[in-house]
Amino acid sequence: MSDLRLDGLIKRYGSIAAVDGISLSVAEGSFLSLVGPSGCGKTTVLRMVAGLIEPDGGRIFVGGDDITDVAVHKRNLGLVFQSYALFPHMTVAQNVAFGLQRRGVARSEIDARVRKALQMVRLDGLAERAPRQLSGGQQQRTALARALVVEPRLLLLDEPFSNLDALLRDEMRIEIKRLQQEVGITTLFVTHDQGEALGMADQVAVMNRGRLEQVASPRALYSAPTSAFVAHFIGRANLLPGTVQGRDGEDLIIALASGTKARARGELGSGACRVVVRQESVRLVRTPTTAANSFAAIVVVASFAGAIAQYLVRLDDGIELHVQAPGARAGLGPGTAIIAEWDATDTTVVPDVA
């Protein structure tokens with residue numbers, strides 16, 4: 001096992017910087033999710049670490065060793081592709097053994113390590129099956145066993161859940177996290193799904209247009225985004241434009257674009273801002289309480305989605321808010337007059353910059 005460090009990594013395609021000076025560290029034994037919209041450069045970063053793409057600048061260090069110019073087959077990294085890339089003419093056991101055979105490991109040792117790897121991913125009873133005889137989740141676990149059996153320095157996961165249905169995705173997220181914790185292997189996980197990133201990682205790195213926007217723990221990233229992009233991409237948030245007017249104790253006083261005053265928390269001292277209000281932080285009530293922010297509103301759209309209910313409400317000053325409430329409390333129809341309220345402690349403020 002080893003740590004991973006990227007130092008000023010760059011990849012250009014003509015005049016386009018797919019990766020523009022990424023510096024990032026992944027501690028030994030930890031799990032880092034690299035997340036961002038399509039085209040942000042996250043998969044390019046992973047493929048440069050794997051040795052599948054040559055960087056145009058910067059260095060890659062694994063366990064303190066500079067592997068930037070090391071050939072793919074000499075890096076000793078485990079890679080699970082989006083498509084799994086199993087050999088259709090081989091059995092499960094033969095697929096898992098392939099990397100060991102290429103490394104010249106003795107037959108007796110190969111058999112023992114393959115058995116152990118298949119037990120680890122709960123496939124020990126399916127060793128002689130062909131990939132076509134497996135479910136999507138079983139194919140994924142085969143690919144994972146093949147990556148882990150060589151005892152790699154790092155595990156690289158490139159959108160491994162994209163071919164699975166929703167229920168199986170949830171199961172495999174737990175399974176891979178369990179394995180990662182048991183093995184203790186340093187893992188770099190690329191995904192466009194912010195729910196997967198938050199649910200699996202020790203640290204999350206958010207990318208945008210080839211650059212890092214923010215790196216933090218899932219909880220810190222969710223509760224204290226440092227930019228409007230991160231606040232919008234991670235979780236569901238309302239971003240209310242306004243201007244910091246001053247401070248009252250711990251609260252910032254914000255003049256919203258509509259002229260309404262709101263209270264929020266944050267470190268921004270002055271200037272244009274966006275107040276970040278998570279959808280689940282807004283409460284819809286019939287009678288106002290002592291909440292720091294309380295506004296008369298009307299329900300515009302109501303949607304029941306089982307465990308949750310989703311609403312679009314319009315405040316009296318014209319501001320529209322997206323609200324997410326437990327489905328058990330659903331029942332507000334369009335046109336219902338209500339009070340939308342939220343606490344200052346459930347907000348943060350980010351600079352209003354492009």
# chains A, B, ... in the order shown; residues from 1 in each chain; ligands from 1
call {"tool": "residues_around", "arguments": {"residues": "region 322-339 of chain A", "least_positions_apart": "6", "cutoff": "8 Å", "atoms": "only C-alpha atoms", "output": "PyMOL selection string"}}
result
chain A and resi 237-238+279-288+294-302+304-313
call {"tool": "residues_around", "arguments": {"residues": "Leu24 (chain A)", "least_positions_apart": "5", "cutoff": "8 Å", "atoms": "only C-alpha atoms", "output": "list in words"}}
result
Arg5, Leu6 and Asp7 of chain A
call {"tool": "write_last_selection", "arguments": {"atoms": "all heavy atoms", "output": "PDB file, in the first residue's frame"}}
result
ATOM      1  N   ARG A   5       0.404  11.111  -4.754  1.00  0.00           N
ATOM      2  CA  ARG A   5       0.539  12.576  -4.816  1.00  0.00           C
ATOM      3  C   ARG A   5       0.665  13.022  -6.260  1.00  0.00           C
ATOM      4  O   ARG A   5       1.502  12.486  -7.011  1.00  0.00           O
ATOM      5  CB  ARG A   5       1.750  13.035  -4.005  1.00  0.00           C
ATOM      6  CG  ARG A   5       1.948  14.555  -4.022  1.00  0.00           C
ATOM      7  CD  ARG A   5       2.924  15.003  -2.951  1.00  0.00           C
ATOM      8  NE  ARG A   5       4.243  14.422  -3.124  1.00  0.00           N
ATOM      9  CZ  ARG A   5       5.206  14.980  -3.880  1.00  0.00           C
ATOM     10  NH1 ARG A   5       4.972  16.112  -4.533  1.00  0.00           N
ATOM     11  NH2 ARG A   5       6.383  14.403  -3.969  1.00  0.00           N
ATOM     12  N   LEU A   6      -0.154  13.974  -6.643  1.00  0.00           N
ATOM     13  CA  LEU A   6      -0.099  14.579  -7.963  1.00  0.00           C
ATOM     14  C   LEU A   6       0.442  15.996  -7.799  1.00  0.00           C
ATOM     15  O   LEU A   6      -0.033  16.759  -6.952  1.00  0.00           O
ATOM     16  CB  LEU A   6      -1.483  14.629  -8.607  1.00  0.00           C
ATOM     17  CG  LEU A   6      -2.286  13.316  -8.613  1.00  0.00           C
ATOM     18  CD1 LEU A   6      -3.630  13.527  -9.294  1.00  0.00           C
ATOM     19  CD2 LEU A   6      -1.497  12.207  -9.279  1.00  0.00           C
ATOM     20  N   ASP A   7       1.417  16.335  -8.619  1.00  0.00           N
ATOM     21  CA  ASP A   7       2.090  17.627  -8.492  1.00  0.00           C
ATOM     22  C   ASP A   7       2.008  18.380  -9.818  1.00  0.00           C
ATOM     23  O   ASP A   7       2.766  18.128 -10.747  1.00  0.00           O
ATOM     24  CB  ASP A   7       3.554  17.418  -8.090  1.00  0.00           C
ATOM     25  CG  ASP A   7       4.271  18.722  -7.780  1.00  0.00           C
ATOM     26  OD1 ASP A   7       3.617  19.783  -7.789  1.00  0.00           O
ATOM     27  OD2 ASP A   7       5.495  18.678  -7.534  1.00  0.00           O
TER      28      ASP A   7
END
call {"tool": "select_by_dssp", "arguments": {"residues": "region 117-276 of chain A", "states": "helix (DSSP H, G or I)", "output": "NGL selection string"}}
result
:A and (117-120 or 131-133 or 136-148 or 166-183 or 194-200 or 218-223 or 228-233)
call {"tool": "closest_residue", "arguments": {"among": "A:Ala264, A:Asp66, A:Ala228, A:Asp316", "to": "Trp342 (chain A)", "atoms": "only C-alpha atoms"}}
result
A:Ala264
call {"tool": "residues_around", "arguments": {"residues": "Val190 (chain A)", "least_positions_apart": "3", "cutoff": "9 Å", "atoms": "only C-alpha atoms", "output": "number ranges by chain"}}
result
A: 32-36, 42-43, 46, 156-160, 197
call {"tool": "write_last_selection", "arguments": {"atoms": "N, CA and C atoms", "output": "compact mmCIF listing (two decimals), in the first residue's frame"}}
result
# COMPACT_ATOMS: atom_id res chain seq x y z
N LEU A 32 -10.41 8.34 -1.88
CA LEU A 32 -10.71 9.67 -2.40
C LEU A 32 -11.57 9.56 -3.65
N SER A 33 -12.68 10.29 -3.67
CA SER A 33 -13.55 10.36 -4.84
C SER A 33 -13.21 11.61 -5.63
N LEU A 34 -13.01 11.43 -6.91
CA LEU A 34 -12.78 12.54 -7.84
C LEU A 34 -14.07 12.72 -8.63
N VAL A 35 -14.73 13.85 -8.44
CA VAL A 35 -16.08 14.02 -8.97
C VAL A 35 -16.17 15.33 -9.73
N GLY A 36 -17.09 15.36 -10.68
CA GLY A 36 -17.32 16.57 -11.46
C GLY A 36 -18.17 16.26 -12.66
N LYS A 42 -11.76 14.51 -14.91
CA LYS A 42 -11.52 13.55 -13.83
C LYS A 42 -11.01 12.20 -14.34
N THR A 43 -11.60 11.68 -15.42
CA THR A 43 -11.14 10.40 -15.97
C THR A 43 -9.74 10.54 -16.57
N LEU A 46 -7.31 10.09 -13.74
CA LEU A 46 -7.15 8.69 -13.37
C LEU A 46 -6.31 7.93 -14.40
N LEU A 156 -7.62 1.85 -8.59
CA LEU A 156 -8.21 2.91 -9.39
C LEU A 156 -9.55 2.42 -9.92
N LEU A 157 -10.62 3.16 -9.63
CA LEU A 157 -11.98 2.77 -10.03
C LEU A 157 -12.53 3.83 -10.98
N ASP A 158 -12.79 3.44 -12.22
CA ASP A 158 -13.24 4.38 -13.25
C ASP A 158 -14.73 4.17 -13.52
N GLU A 159 -15.59 4.93 -12.80
CA GLU A 159 -17.04 4.86 -12.94
C GLU A 159 -17.53 3.40 -12.98
N PRO A 160 -17.22 2.60 -11.98
CA PRO A 160 -17.52 1.16 -12.05
C PRO A 160 -18.99 0.80 -11.91
N ALA A 197 -20.00 9.77 -4.62
CA ALA A 197 -18.77 10.39 -4.11
C ALA A 197 -18.87 10.64 -2.61
call {"tool": "atom_distance", "arguments": {"atom1": "CA of Glu171 (chain A)", "atom2": "CA of Thr142 (chain A)"}}
result
15.2 Å
call {"tool": "select_by_dssp", "arguments": {"residues": "region 120-233 of chain A", "states": "strand (DSSP E or B)", "output": "MDAnalysis selection string"}}
result
chainID A and resid 154:158 187:191 203:208 211:216
